[in-house]
Every structure is written in structure tokens, then in C-alpha cells.
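Structure data follow from start-v3.pdb (PDB, C-alpha atoms):
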```
ATOM      1  CA  MET A   9     140.013  91.481  79.544
ATOM      2  CA  GLU A  10     139.582  91.041  83.293
ATOM      3  CA  GLN A  11     138.612  87.391  82.924
ATOM      4  CA  TYR A  12     141.437  86.605  80.492
ATOM      5  CA  MET A  13     143.974  88.352  82.706
ATOM      6  CA  GLN A  14     142.737  86.436  85.745
ATOM      7  CA  ALA A  15     142.716  83.124  83.848
ATOM      8  CA  ILE A  16     146.358  83.603  82.831
ATOM      9  CA  MET A  17     147.895  85.340  85.826
ATOM     10  CA  ALA A  18     146.092  83.257  88.459
ATOM     11  CA  ASN A  19     147.410  80.143  86.691
ATOM     12  CA  SER A  20     151.004  81.327  86.409
ATOM     13  CA  LYS A  21     152.206  77.910  87.634
ATOM     14  CA  CYS A  22     150.616  76.399  84.524
ATOM     15  CA  PHE A  23     152.307  78.948  82.241
ATOM     16  CA  LYS A  24     155.762  78.973  83.861
ATOM     17  CA  ASP A  25     158.480  77.795  81.435
ATOM     18  CA  LYS A  26     155.849  76.788  78.861
ATOM     19  CA  VAL A  27     155.607  77.472  75.130
ATOM     20  CA  VAL A  28     152.422  79.403  74.340
ATOM     21  CA  ILE A  29     150.665  80.216  71.065
ATOM     22  CA  ASP A  30     148.238  83.149  70.933
ATOM     23  CA  ILE A  31     145.810  82.692  68.006
ATOM     24  CA  GLY A  32     144.372  85.921  66.585
ATOM     25  CA  ALA A  33     146.645  87.908  68.865
ATOM     26  CA  GLY A  34     145.431  91.366  67.851
ATOM     27  CA  THR A  35     147.407  93.892  69.925
ATOM     28  CA  GLY A  36     149.206  91.029  71.681
ATOM     29  CA  ILE A  37     147.811  91.684  75.129
ATOM     30  CA  LEU A  38     147.150  87.989  75.866
ATOM     31  CA  SER A  39     150.723  87.235  74.779
ATOM     32  CA  ILE A  40     152.016  89.897  77.164
ATOM     33  CA  TRP A  41     150.127  88.357  80.077
ATOM     34  CA  ALA A  42     151.354  84.869  79.130
ATOM     35  CA  ALA A  43     154.952  86.134  79.133
ATOM     36  CA  ARG A  44     154.469  87.857  82.469
ATOM     37  CA  ALA A  45     152.960  84.649  83.851
ATOM     38  CA  GLY A  46     156.300  82.964  83.152
ATOM     39  CA  ALA A  47     156.034  81.473  79.667
ATOM     40  CA  SER A  48     159.448  80.759  78.169
ATOM     41  CA  ARG A  49     158.346  81.538  74.605
ATOM     42  CA  VAL A  50     155.160  83.009  73.173
ATOM     43  CA  TYR A  51     154.180  83.038  69.499
ATOM     44  CA  ALA A  52     151.624  85.784  68.796
ATOM     45  CA  ILE A  53     149.957  84.892  65.499
ATOM     46  CA  GLU A  54     147.903  87.659  63.880
ATOM     47  CA  ALA A  55     146.700  87.646  60.279
ATOM     48  CA  THR A  56     146.079  91.388  59.908
ATOM     49  CA  GLU A  57     148.193  94.542  59.925
ATOM     50  CA  MET A  58     147.470  94.725  63.654
ATOM     51  CA  ALA A  59     150.571  92.555  63.989
ATOM     52  CA  LEU A  60     152.655  95.684  63.351
ATOM     53  CA  TYR A  61     151.147  97.384  66.385
ATOM     54  CA  ALA A  62     151.498  94.235  68.462
ATOM     55  CA  ARG A  63     155.266  94.302  67.821
ATOM     56  CA  GLN A  64     155.414  97.938  68.937
ATOM     57  CA  LEU A  65     153.389  97.253  72.086
ATOM     58  CA  ILE A  66     155.397  94.176  73.008
ATOM     59  CA  HIS A  67     158.692  96.017  72.444
ATOM     60  CA  ALA A  68     157.503  98.965  74.540
ATOM     61  CA  ASN A  69     156.717  96.544  77.382
ATOM     62  CA  GLY A  70     160.170  94.960  77.226
ATOM     63  CA  LEU A  71     159.015  91.510  76.110
ATOM     64  CA  SER A  72     160.455  91.205  72.588
ATOM     65  CA  LYS A  73     162.873  88.467  73.674
ATOM     66  CA  THR A  74     160.027  86.286  74.928
ATOM     67  CA  ILE A  75     157.273  87.051  72.400
ATOM     68  CA  THR A  76     157.594  86.529  68.656
ATOM     69  CA  VAL A  77     154.890  88.209  66.578
ATOM     70  CA  ILE A  78     154.057  86.367  63.353
ATOM     71  CA  GLN A  79     151.847  88.037  60.768
ATOM     72  CA  GLY A  80     149.918  85.385  58.898
ATOM     73  CA  LYS A  81     147.204  82.760  59.218
ATOM     74  CA  ALA A  82     147.755  80.049  61.807
ATOM     75  CA  GLU A  83     147.176  77.401  59.142
ATOM     76  CA  GLU A  84     150.083  78.794  57.108
ATOM     77  CA  VAL A  85     152.613  79.429  59.881
ATOM     78  CA  ASP A  86     155.713  77.240  60.030
ATOM     79  CA  LEU A  87     156.717  76.802  63.679
ATOM     80  CA  LYS A  88     159.733  74.744  64.693
ATOM     81  CA  GLU A  89     158.106  73.552  67.927
ATOM     82  CA  LYS A  90     154.705  72.742  69.337
ATOM     83  CA  ALA A  91     153.031  74.600  72.189
ATOM     84  CA  ASP A  92     152.072  73.543  75.699
ATOM     85  CA  ILE A  93     149.196  76.060  75.745
ATOM     86  CA  ILE A  94     147.044  77.785  73.131
ATOM     87  CA  ILE A  95     145.294  80.977  74.166
ATOM     88  CA  SER A  96     142.782  82.809  72.007
ATOM     89  CA  GLU A  97     139.908  85.255  72.221
ATOM     90  CA  TRP A  98     137.977  83.586  69.407
ATOM     91  CA  MET A  99     134.349  84.011  70.469
ATOM     92  CA  GLY A 100     131.800  85.867  68.347
ATOM     93  CA  CYS A 101     128.280  87.020  69.201
ATOM     94  CA  PHE A 102     126.138  84.043  70.217
ATOM     95  CA  LEU A 103     129.509  82.276  70.506
ATOM     96  CA  LEU A 104     129.694  81.035  66.899
ATOM     97  CA  ARG A 105     129.037  84.130  64.765
ATOM     98  CA  GLU A 106     132.188  85.198  62.907
ATOM     99  CA  SER A 107     134.154  83.083  65.364
ATOM    100  CA  MET A 108     137.695  81.804  64.899
ATOM    101  CA  LEU A 109     137.006  78.480  66.570
ATOM    102  CA  ASP A 110     137.782  76.511  63.406
ATOM    103  CA  THR A 111     141.277  78.003  63.399
ATOM    104  CA  VAL A 112     141.767  77.295  67.109
ATOM    105  CA  ILE A 113     140.758  73.642  66.671
ATOM    106  CA  TRP A 114     143.058  73.317  63.637
ATOM    107  CA  ALA A 115     145.876  74.749  65.742
ATOM    108  CA  ARG A 116     145.040  72.316  68.553
ATOM    109  CA  ASP A 117     145.342  69.396  66.147
ATOM    110  CA  ASN A 118     148.548  70.613  64.500
ATOM    111  CA  LEU A 119     150.420  72.968  66.834
ATOM    112  CA  LEU A 120     149.637  71.751  70.374
ATOM    113  CA  LYS A 121     151.600  69.081  72.233
ATOM    114  CA  LYS A 122     149.710  65.979  73.328
ATOM    115  CA  GLY A 123     148.105  66.732  76.678
ATOM    116  CA  GLY A 124     148.432  70.480  76.131
ATOM    117  CA  ALA A 125     145.778  72.949  77.233
ATOM    118  CA  LEU A 126     143.435  75.423  75.567
ATOM    119  CA  TYR A 127     142.487  78.704  77.255
ATOM    120  CA  PRO A 128     139.486  78.853  77.217
ATOM    121  CA  SER A 129     138.868  75.129  77.433
ATOM    122  CA  HIS A 130     135.075  74.754  77.415
ATOM    123  CA  ALA A 131     132.148  76.690  75.921
ATOM    124  CA  ARG A 132     128.374  76.593  76.185
ATOM    125  CA  ILE A 133     125.301  78.359  74.835
ATOM    126  CA  VAL A 134     122.433  79.367  77.120
ATOM    127  CA  MET A 135     118.902  80.130  75.908
ATOM    128  CA  ALA A 136     116.197  82.008  77.778
ATOM    129  CA  ALA A 137     112.653  83.293  77.496
ATOM    130  CA  MET A 138     112.701  87.071  77.220
ATOM    131  CA  GLN A 139     110.145  89.594  78.486
ATOM    132  CA  ASP A 140     108.570  91.947  75.957
ATOM    133  CA  ILE A 141     109.311  94.926  78.198
ATOM    134  CA  ASP A 142     109.852  97.562  75.519
ATOM    135  CA  ARG A 143     107.371  96.174  72.958
ATOM    136  CA  ARG A 144     110.198  96.039  70.459
ATOM    137  CA  MET A 145     108.301  93.895  67.945
ATOM    138  CA  ASP A 146     105.604  96.590  67.758
ATOM    139  CA  GLY A 147     108.375  99.049  66.973
ATOM    140  CA  LYS A 148     109.805  96.763  64.278
ATOM    141  CA  ARG A 149     106.350  96.468  62.718
ATOM    142  CA  GLN A 150     105.916 100.248  62.729
ATOM    143  CA  MET A 151     109.338 100.818  61.148
ATOM    144  CA  ASN A 152     108.620  98.154  58.519
ATOM    145  CA  ASN A 153     105.342  99.847  57.606
ATOM    146  CA  ALA A 154     106.977 103.287  57.561
ATOM    147  CA  ASP A 155     109.672 102.038  55.190
ATOM    148  CA  LYS A 156     107.026 100.541  52.913
ATOM    149  CA  ARG A 157     105.223 103.894  52.799
ATOM    150  CA  GLU A 158     108.507 105.666  52.066
ATOM    151  CA  TRP A 159     109.189 103.248  49.208
ATOM    152  CA  ALA A 160     105.722 103.843  47.745
ATOM    153  CA  THR A 161     106.367 107.596  47.855
ATOM    154  CA  PHE A 162     109.725 107.079  46.146
ATOM    155  CA  VAL A 163     108.207 104.908  43.386
ATOM    156  CA  ALA A 164     105.550 107.556  42.681
ATOM    157  CA  MET A 165     108.159 110.313  42.612
ATOM    158  CA  ALA A 166     110.477 108.324  40.328
ATOM    159  CA  ARG A 167     107.622 107.697  37.878
ATOM    160  CA  LYS A 168     106.521 111.347  37.837
ATOM    161  CA  LYS A 169     109.844 113.185  38.050
ATOM    162  CA  TYR A 170     112.333 110.802  36.446
ATOM    163  CA  LEU A 171     109.965 108.941  34.111
ATOM    164  CA  VAL A 172     111.149 105.566  35.440
ATOM    165  CA  ASP A 173     108.773 102.912  36.773
ATOM    166  CA  MET A 174     110.465 101.305  39.812
ATOM    167  CA  SER A 175     107.432  99.285  40.917
ATOM    168  CA  ILE A 176     108.897  96.025  39.580
ATOM    169  CA  LEU A 177     111.286  96.122  42.576
ATOM    170  CA  THR A 178     108.567  96.551  45.217
ATOM    171  CA  ARG A 179     108.249  92.859  46.039
ATOM    172  CA  ALA A 180     112.031  92.437  46.393
ATOM    173  CA  TYR A 181     112.202  95.548  48.590
ATOM    174  CA  HIS A 182     109.431  94.268  50.850
ATOM    175  CA  GLU A 183     111.180  90.899  51.157
ATOM    176  CA  GLU A 184     114.419  92.620  52.124
ATOM    177  CA  LEU A 185     112.564  94.659  54.748
ATOM    178  CA  GLY A 186     111.017  91.484  56.133
ATOM    179  CA  ASP A 187     114.421  89.842  56.330
ATOM    180  CA  TYR A 188     115.849  92.804  58.200
ATOM    181  CA  TYR A 189     113.019  93.461  60.636
ATOM    182  CA  PHE A 190     111.635  89.985  61.276
ATOM    183  CA  LYS A 191     114.287  87.413  60.301
ATOM    184  CA  THR A 192     117.411  88.984  61.773
ATOM    185  CA  ALA A 193     118.419  88.479  65.393
ATOM    186  CA  MET A 194     119.393  91.602  67.322
ATOM    187  CA  CYS A 195     122.368  92.055  69.608
ATOM    188  CA  LEU A 196     121.101  93.613  72.848
ATOM    189  CA  ASN A 197     122.274  94.133  76.395
ATOM    190  CA  LEU A 198     119.406  92.679  78.385
ATOM    191  CA  THR A 199     118.812  93.085  82.113
ATOM    192  CA  PRO A 200     118.068  90.248  84.563
ATOM    193  CA  ASN A 201     114.450  91.356  84.976
ATOM    194  CA  GLN A 202     113.888  90.694  81.264
ATOM    195  CA  ILE A 203     114.739  86.991  81.674
ATOM    196  CA  ILE A 204     111.917  84.626  82.668
ATOM    197  CA  GLY A 205     113.526  81.204  82.452
ATOM    198  CA  GLU A 206     116.873  80.002  81.098
ATOM    199  CA  LYS A 207     118.711  76.763  80.333
ATOM    200  CA  ARG A 208     122.087  75.555  79.083
ATOM    201  CA  VAL A 209     121.415  73.937  75.741
ATOM    202  CA  MET A 210     124.771  73.253  74.027
ATOM    203  CA  GLU A 211     128.229  72.558  75.467
ATOM    204  CA  TRP A 212     131.634  71.789  73.989
ATOM    205  CA  ASP A 213     134.929  70.559  75.393
ATOM    206  CA  LEU A 214     137.392  72.327  73.128
ATOM    207  CA  HIS A 215     139.967  69.593  73.675
ATOM    208  CA  THR A 216     137.724  66.974  72.041
ATOM    209  CA  VAL A 217     135.354  68.777  69.637
ATOM    210  CA  THR A 218     136.275  68.190  65.997
ATOM    211  CA  LEU A 219     136.175  70.402  62.932
ATOM    212  CA  ASP A 220     133.448  68.152  61.533
ATOM    213  CA  ASP A 221     131.400  68.743  64.708
ATOM    214  CA  LEU A 222     131.695  72.488  64.209
ATOM    215  CA  ARG A 223     130.838  72.466  60.507
ATOM    216  CA  LYS A 224     127.681  70.366  60.687
ATOM    217  CA  ASP A 225     124.295  71.640  61.876
ATOM    218  CA  LYS A 226     123.987  71.808  65.649
ATOM    219  CA  ILE A 227     120.589  70.791  67.043
ATOM    220  CA  ALA A 228     119.233  71.086  70.581
ATOM    221  CA  GLU A 229     115.846  70.142  72.025
ATOM    222  CA  PHE A 230     115.116  71.612  75.437
ATOM    223  CA  GLU A 231     112.409  72.871  77.776
ATOM    224  CA  LEU A 232     112.208  76.371  79.213
ATOM    225  CA  LYS A 233     110.343  76.722  82.497
ATOM    226  CA  MET A 234     108.972  80.196  83.110
ATOM    227  CA  THR A 235     110.147  81.732  86.371
ATOM    228  CA  GLY A 236     107.616  84.557  86.395
ATOM    229  CA  ASN A 237     104.473  86.032  84.876
ATOM    230  CA  GLY A 238     104.664  88.370  81.903
ATOM    231  CA  VAL A 239     104.616  88.698  78.142
ATOM    232  CA  MET A 240     107.277  86.685  76.321
ATOM    233  CA  GLY A 241     108.588  88.725  73.411
ATOM    234  CA  GLY A 242     111.102  86.176  72.202
ATOM    235  CA  LEU A 243     114.059  84.024  73.087
ATOM    236  CA  ALA A 244     117.505  85.276  73.985
ATOM    237  CA  GLY A 245     120.839  83.500  73.770
ATOM    238  CA  TRP A 246     124.313  84.046  75.161
ATOM    239  CA  PHE A 247     127.431  82.064  75.997
ATOM    240  CA  ASP A 248     129.897  81.259  78.757
ATOM    241  CA  VAL A 249     133.439  79.946  78.416
ATOM    242  CA  ASP A 250     135.525  78.216  81.089
ATOM    243  CA  PHE A 251     139.262  78.330  81.634
ATOM    244  CA  LYS A 252     139.910  74.909  83.186
ATOM    245  CA  GLY A 253     142.950  73.698  81.281
ATOM    246  CA  SER A 254     143.049  70.087  80.096
ATOM    247  CA  LYS A 255     142.803  66.779  81.967
ATOM    248  CA  GLN A 256     146.568  66.325  81.707
ATOM    249  CA  SER A 257     147.327  70.000  82.444
ATOM    250  CA  PRO A 258     144.475  71.324  84.598
ATOM    251  CA  ALA A 259     144.291  74.952  85.652
ATOM    252  CA  THR A 260     145.081  75.613  89.288
ATOM    253  CA  GLU A 261     142.278  78.176  89.413
ATOM    254  CA  GLY A 262     139.228  77.875  87.173
ATOM    255  CA  VAL A 263     137.812  81.071  85.687
ATOM    256  CA  VAL A 264     134.477  81.662  83.924
ATOM    257  CA  LEU A 265     133.822  84.368  81.339
ATOM    258  CA  SER A 266     130.064  84.833  81.078
ATOM    259  CA  THR A 267     128.055  87.057  78.747
ATOM    260  CA  SER A 268     124.843  86.527  80.732
ATOM    261  CA  PRO A 269     122.568  89.498  81.517
ATOM    262  CA  HIS A 270     123.235  88.664  85.174
ATOM    263  CA  VAL A 271     126.862  89.858  84.905
ATOM    264  CA  GLY A 272     126.072  93.212  83.306
ATOM    265  CA  ILE A 273     127.113  94.676  79.959
ATOM    266  CA  THR A 274     129.756  92.812  77.957
ATOM    267  CA  HIS A 275     131.337  93.263  74.537
ATOM    268  CA  TRP A 276     129.144  90.469  73.117
ATOM    269  CA  GLY A 277     125.750  91.264  74.631
ATOM    270  CA  GLN A 278     122.959  88.761  73.972
ATOM    271  CA  GLN A 279     121.247  87.689  70.762
ATOM    272  CA  ALA A 280     117.499  88.332  70.762
ATOM    273  CA  PHE A 281     115.190  86.229  68.584
ATOM    274  CA  PHE A 282     111.842  88.043  68.598
ATOM    275  CA  LEU A 283     108.494  86.281  68.319
ATOM    276  CA  HIS A 284     106.362  87.717  65.539
ATOM    277  CA  VAL A 285     103.489  87.767  68.034
ATOM    278  CA  PRO A 286     104.437  88.110  71.735
ATOM    279  CA  THR A 287     102.553  85.760  74.060
ATOM    280  CA  ARG A 288     101.526  85.873  77.692
ATOM    281  CA  VAL A 289     103.139  83.369  80.084
ATOM    282  CA  MET A 290     102.675  82.416  83.726
ATOM    283  CA  LYS A 291     105.148  81.204  86.317
ATOM    284  CA  GLY A 292     105.601  77.451  85.994
ATOM    285  CA  ASP A 293     104.616  77.274  82.301
ATOM    286  CA  THR A 294     106.899  75.098  80.175
ATOM    287  CA  ALA A 295     107.773  75.627  76.542
ATOM    288  CA  LYS A 296     109.457  72.957  74.412
ATOM    289  CA  VAL A 297     112.007  74.399  72.011
ATOM    290  CA  LEU A 298     113.791  72.902  69.021
ATOM    291  CA  MET A 299     116.823  74.922  67.891
ATOM    292  CA  LYS A 300     119.134  74.392  64.923
ATOM    293  CA  ILE A 301     122.292  76.413  64.287
ATOM    294  CA  SER A 302     123.601  76.280  60.708
ATOM    295  CA  ARG A 303     126.370  78.047  58.849
ATOM    296  CA  GLN A 304     125.137  80.375  56.146
ATOM    297  CA  LYS A 305     125.871  79.104  52.652
ATOM    298  CA  LYS A 306     126.753  82.552  51.334
ATOM    299  CA  ASN A 307     129.182  83.230  54.203
ATOM    300  CA  ASP A 308     130.132  80.345  56.469
ATOM    301  CA  ARG A 309     131.461  82.701  59.146
ATOM    302  CA  MET A 310     127.864  83.819  59.725
ATOM    303  CA  ILE A 311     125.110  81.604  61.117
ATOM    304  CA  ASP A 312     121.371  81.012  60.817
ATOM    305  CA  VAL A 313     119.286  79.916  63.779
ATOM    306  CA  THR A 314     116.017  78.058  63.259
ATOM    307  CA  LEU A 315     113.584  77.914  66.193
ATOM    308  CA  GLU A 316     110.337  76.054  66.848
ATOM    309  CA  MET A 317     108.409  76.217  70.119
ATOM    310  CA  ASN A 318     105.209  74.811  71.583
ATOM    311  CA  GLY A 319     103.556  74.356  74.952
ATOM    312  CA  THR A 320     100.706  75.460  77.130
ATOM    313  CA  LEU A 321     101.301  79.083  78.031
ATOM    314  CA  ALA A 322      98.948  81.081  80.257
ATOM    315  CA  SER A 323      96.552  78.088  80.133
ATOM    316  CA  LYS A 324      96.358  78.230  76.328
ATOM    317  CA  PRO A 325      97.979  76.008  73.697
ATOM    318  CA  TYR A 326     100.851  77.793  71.980
ATOM    319  CA  LYS A 327     102.753  76.890  68.844
ATOM    320  CA  MET A 328     105.522  78.910  67.212
ATOM    321  CA  PRO A 329     106.090  77.620  63.660
ATOM    322  CA  LYS A 330     109.601  76.952  62.359
ATOM    323  CA  THR A 331     111.198  80.393  62.090
ATOM    324  CA  LEU A 332     114.581  81.261  60.585
ATOM    325  CA  TYR A 333     116.750  84.043  62.013
ATOM    326  CA  HIS A 334     119.990  85.396  60.561
ATOM    327  CA  VAL A 335     122.799  86.130  63.021
ATOM    328  CA  GLU A 336     125.001  88.559  61.107
TER     329      GLU A 336
END
```
Show me this structure written as C-alpha cells.
Amino acid sequence: MEQYMQAIMANSKCFKDKVVIDIGAGTGILSIWAARAGASRVYAIEATEMALYARQLIHANGLSKTITVIQGKAEEVDLKEKADIIISEWMGCFLLRESMLDTVIWARDNLLKKGGALYPSHARIVMAAMQDIDRRMDGKRQMNNADKREWATFVAMARKKYLVDMSILTRAYHEELGDYYFKTAMCLNLTPNQIIGEKRVMEWDLHTVTLDDLRKDKIAEFELKMTGNGVMGGLAGWFDVDFKGSKQSPATEGVVLSTSPHVGITHWGQQAFFLHVPTRVMKGDTAKVLMKISRQKKNDRMIDVTLEMNGTLASKPYKMPKTLYHVE
């Protein structure tokens, strides 16, 4: 909220007398700031029942004449004019999980004037090597084994007490456990001392990225240079977004919203992709990483991340085979 408020209020010259659309307005707080920054008209578009509360909040703050709340999907709204600025808090965990970026880009193409600006305007994903400080993978392994033992106890009890043989489901249960414990990324709030090397790996200008760009697999090849000695327990990822305006309508004051461990705890945290076997690293070691981000077929608002990594770590050859992680 602080970064959004600063991005809008510090750029009041950019908002003065402008038409603004707020995509996924929620309670309407971004719309309120846009109006207070001098916008002539603001359209707060919210698909859910939250629109009812947005109207109440906007009325209570004396801004009903400036802000129009529209309940519905942006793709289905019929506006009589186009906007100078689109604002939206669309980001999901690891930037793209459950994100509304598709809707924002559709609105850019259909509801924004030529040369108009998006707030935020740019986005990037950062990846890092992560210390195995709390031996979390050992804990995952222990919980996985405990759940397997609990299932075996349940199967025996069901056979004896209820006269039903449940063992046919054991393999499926074990696979589901493996998916949960070893193939699902975790959202954590890491600390700077857990990071031992980081790099920007993907960047987008939201004024030029297309819907096709967003829907296809996104692939990055990069090197991570270790900045300290330790045990690498996995890779971590987070995002930053910039509020720069557009080339034709640049912001007077640029603002960055970062979800890095270096800025402290944020709503989004960081996504942790744990190695099945942690490995020792030394300062100066370099790991080559291949990353692919794909939309899940069963739910295209969720994503899968595939990682491969190799290098010489702690003077030994290291190879992490292609590993799939669900971000959901």
C-alpha cells in the first residue's frame, strides 16, 4: 500500500485531470488515491461483491462524484471513453501465480488511450540460491515418512475393523504425498542471510508485452554466482515492479515495489524451490540454471516451474536433473 500510494500521490501531475481505470479495484483504495491525486474521472472495476463495499468506502470519503464503481469483468464492461492511466494491483506470488495480468493487458489494448500509462509499468522476476539454514527438506522427508506410516496404520485398521481393503489406494496416496512435499514450491519470508547469490532472470515492459507472450512458456537460462560459503537448500524467486509510466507519459517520480528478502516481510513473500538433496557451495562457485514457467493445464491461473541446474560446487561436479514444481 505504501508503494502504491507513493507511486500515485508523488506523480499527481501525471494524474491531474486524467481519466483513470482501476482494474480489480477491490475496496477501491487505489481509485481513492487516484481521485485525490487529481484525476477527473476514475472507473473502479471489480468483478466480485467487494464492489458493494468499494461504493460505501468511496461515498464515505466524499469521492462518489469522481469515482464510478462498476461491478463486472473488465472484458465485459462498456465504457464510453478510454483512459489515460490504468492502475492495478494484479501481481500474484512469484509474480504470475493467480495473477490478473492477462486482464490488465487486455484492458491496455482495448481501454487505454494511445500513449497512455500503466501503473505499474514494468515487472521482473529475480532468482537466488538459498541457504539450507533450517534443514527444511529433512523436515519434509520426515513428515512424508510419518504420513506414510499413518496411512499404513489406517489401511490395517480399515481392513480389521471395517472389513474394507484400502491398500489399492496406497500408490496413489504416496504419489500425492510426493507431489505435496517434494513437487510443490513453498511461500516463505526469507531473510537476507539466507540468500547466497541472486540474479534478474525475466523482465517485461507492460506497455509492449502481448497476451501471446504471457500465455506461452517462459524460459530463462542464467548463471548464479555464490556470494558466500554454505549449504544450498534450493532456489528462491521473487519479483519487483516499477512505476515509471510510459514513454509518452513518463512518471515524474519513479517508484519500485520489491518483494525481495532485503526489504523485509511483504504480502507475497518468496517462492522456495527446494533441492531434493541440499549441496555444499563455496564463495565464487557458479551454477548454470535453466528455468521454464508454464501455465497449468488443469488451471491456467496457476503455474508450474521446471528447473535444471549444473556446475562445479565446492570443487565437485553437480547436476540437478529436470525437476517440476507446482506453484499453487
**Prompt:** Smallest atom-to-atom distance to A:Cys195: which of A:Tyr333, A:Phe102, A:Tyr61, A:Trp212, using all atoms listed in the file?
**Reply:**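 Among A:Tyr333, A:Phe102, A:Tyr61, A:Trp212, it is A:Phe102 that comes nearest to A:Cys195.
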**Item:** Residues within 12 Å of (110.4, 77.7, 58.8), file coords, all atoms listed in the file, listed as number ranges by chain
**Value:** A: 191, 298-300, 312-317, 328-333
**Message:** Going by the chain IDs and residue numbers used in this file, which residues fall under the PyMOL selection byres ((chain A and resi 228-244) around 6)? Write them as a list in words.
**Reply:** Met135, Ala136, Ala137, Met138, Gln139, Asp140, Ile204, Gly205, Ile227, Gly245, Gln279, Ala280, Phe281, Phe282, Leu283, Pro286, Thr287, Arg288, Val289, Met290, Lys291, Gly292, Asp293, Thr294, Ala295, Lys296, Val297, Leu298 and Met299 of chain A
**Request:** State, in Å with one decimal place, the distance from atom CA of A:Gly36 to atom CA of A:Ala259.
**Result:**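 Those two atoms sit 21.9 Å apart.
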**Request:** Could you please give me, as a list in words, the residues of protein, DNA or RNA lying at most 9 Å from (129.3, 83.2, 73.4) in the coordinate frame of the file, considering all atoms listed in the file?
**Result:**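 Output: Met99, Gly100, Cys101, Phe102, Leu103, Leu104, Arg105, Ala131, Arg132, Ile133, Val134, Gly245, Trp246, Phe247, Asp248, Val249, Ser266, Thr267, Trp276, Gly277 and Gln278 of chain A.
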**Request:** Could you tell me which residues the PyMOL selection byres ((chain A and resi 51) around 12) grabs in this file, written as a ChimeraX atom specification?
**Result:** /A:26-33,36,38-40,42-43,47-50,52-54,59,62-63,66,71-80,82,85-96,119
Take the residues from that selection and write them out as a compact mmCIF listing (two decimals), in the frame of the given file, keeping C-alpha atoms.
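Full text of selection03.txt as output:
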```
# COMPACT_ATOMS: atom_id res chain seq x y z
CA LYS A 26 155.85 76.79 78.86
CA VAL A 27 155.61 77.47 75.13
CA VAL A 28 152.42 79.40 74.34
CA ILE A 29 150.66 80.22 71.06
CA ASP A 30 148.24 83.15 70.93
CA ILE A 31 145.81 82.69 68.01
CA GLY A 32 144.37 85.92 66.58
CA ALA A 33 146.65 87.91 68.86
CA GLY A 36 149.21 91.03 71.68
CA LEU A 38 147.15 87.99 75.87
CA SER A 39 150.72 87.24 74.78
CA ILE A 40 152.02 89.90 77.16
CA ALA A 42 151.35 84.87 79.13
CA ALA A 43 154.95 86.13 79.13
CA ALA A 47 156.03 81.47 79.67
CA SER A 48 159.45 80.76 78.17
CA ARG A 49 158.35 81.54 74.60
CA VAL A 50 155.16 83.01 73.17
CA ALA A 52 151.62 85.78 68.80
CA ILE A 53 149.96 84.89 65.50
CA GLU A 54 147.90 87.66 63.88
CA ALA A 59 150.57 92.56 63.99
CA ALA A 62 151.50 94.24 68.46
CA ARG A 63 155.27 94.30 67.82
CA ILE A 66 155.40 94.18 73.01
CA LEU A 71 159.01 91.51 76.11
CA SER A 72 160.46 91.20 72.59
CA LYS A 73 162.87 88.47 73.67
CA THR A 74 160.03 86.29 74.93
CA ILE A 75 157.27 87.05 72.40
CA THR A 76 157.59 86.53 68.66
CA VAL A 77 154.89 88.21 66.58
CA ILE A 78 154.06 86.37 63.35
CA GLN A 79 151.85 88.04 60.77
CA GLY A 80 149.92 85.38 58.90
CA ALA A 82 147.76 80.05 61.81
CA VAL A 85 152.61 79.43 59.88
CA ASP A 86 155.71 77.24 60.03
CA LEU A 87 156.72 76.80 63.68
CA LYS A 88 159.73 74.74 64.69
CA GLU A 89 158.11 73.55 67.93
CA LYS A 90 154.71 72.74 69.34
CA ALA A 91 153.03 74.60 72.19
CA ASP A 92 152.07 73.54 75.70
CA ILE A 93 149.20 76.06 75.74
CA ILE A 94 147.04 77.78 73.13
CA ILE A 95 145.29 80.98 74.17
CA SER A 96 142.78 82.81 72.01
CA LEU A 119 150.42 72.97 66.83
```
**Item:** Spatial neighbours of A:Gly123, 8 Å, all atoms listed in the file, chain gap at least 4 places, as a list in words
**Value:**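 Final neighbour list, sorted by chain and number: Asp92, Ser254, Lys255, Gln256 and Ser257 of chain A.
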**Prompt:** Distance atom CA of A:Leu222-atom CA of A:Lys327, one decimal place?
**Reply:** 29.6 Å
**Request:** For each of A:Thr192, A:Thr320, A:Gln14, A:Asn118, take the minimum atom-to-atom distance to A:Glu83, counting all atoms listed in the file, then give the residue where this is smallest.
**Result:**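 Among the listed residues, A:Asn118 lies closest to A:Glu83.
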**Request:** Considering all atoms listed in the file, state which residue in the set A:Ile37, A:Leu126, A:Ile311, A:Met108 is at the smallest distance from A:Asp225.
**Result:**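 Nearest to A:Asp225: A:Ile311.
Atom CA of A:Ser268 is found 13.5 Å from atom CA of A:Asp250.
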**Item:** For A:Leu198, the nearest of the candidates A:Val271, A:Val285, A:Ala164, A:Ile176, counting all atoms listed in the file
**Value:**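 Between A:Val271, A:Val285, A:Ala164, A:Ile176, the residue approaching A:Leu198 most closely is A:Val271.
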**Prompt:** Leaving out A:Pro269 and any residue of its chain fewer than 4 positions from it, which residues lie within 7 Å of it when counting all atoms listed in the file, given as an MDAnalysis selection string?
**Reply:** chainID A and resid 197:200
Dump of C-alpha atoms for the selected residues, as a PDB file, in the coordinates of the input:
```
ATOM      1  CA  ASN A 197     122.274  94.133  76.395  1.00  0.00           C
ATOM      2  CA  LEU A 198     119.406  92.679  78.385  1.00  0.00           C
ATOM      3  CA  THR A 199     118.812  93.085  82.113  1.00  0.00           C
ATOM      4  CA  PRO A 200     118.068  90.248  84.563  1.00  0.00           C
TER       5      PRO A 200
END
```
**Request:** Point out the residue among A:Tyr127, A:Trp98, A:Tyr170, A:Trp114 with the least atom-to-atom distance to A:Pro258, counting all atoms listed in the file.
**Result:**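 Looking at the shortest contact to A:Pro258, the residue is A:Tyr127.
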**Request:** For stretch 213-219 of chain A, please output as an MDAnalysis selection string all residues within 7 Å (counting all atoms listed in the file; exclusion window: fewer than 3 positions along the same chain).
**Result:** chainID A and resid 110 113 129:131 222:223
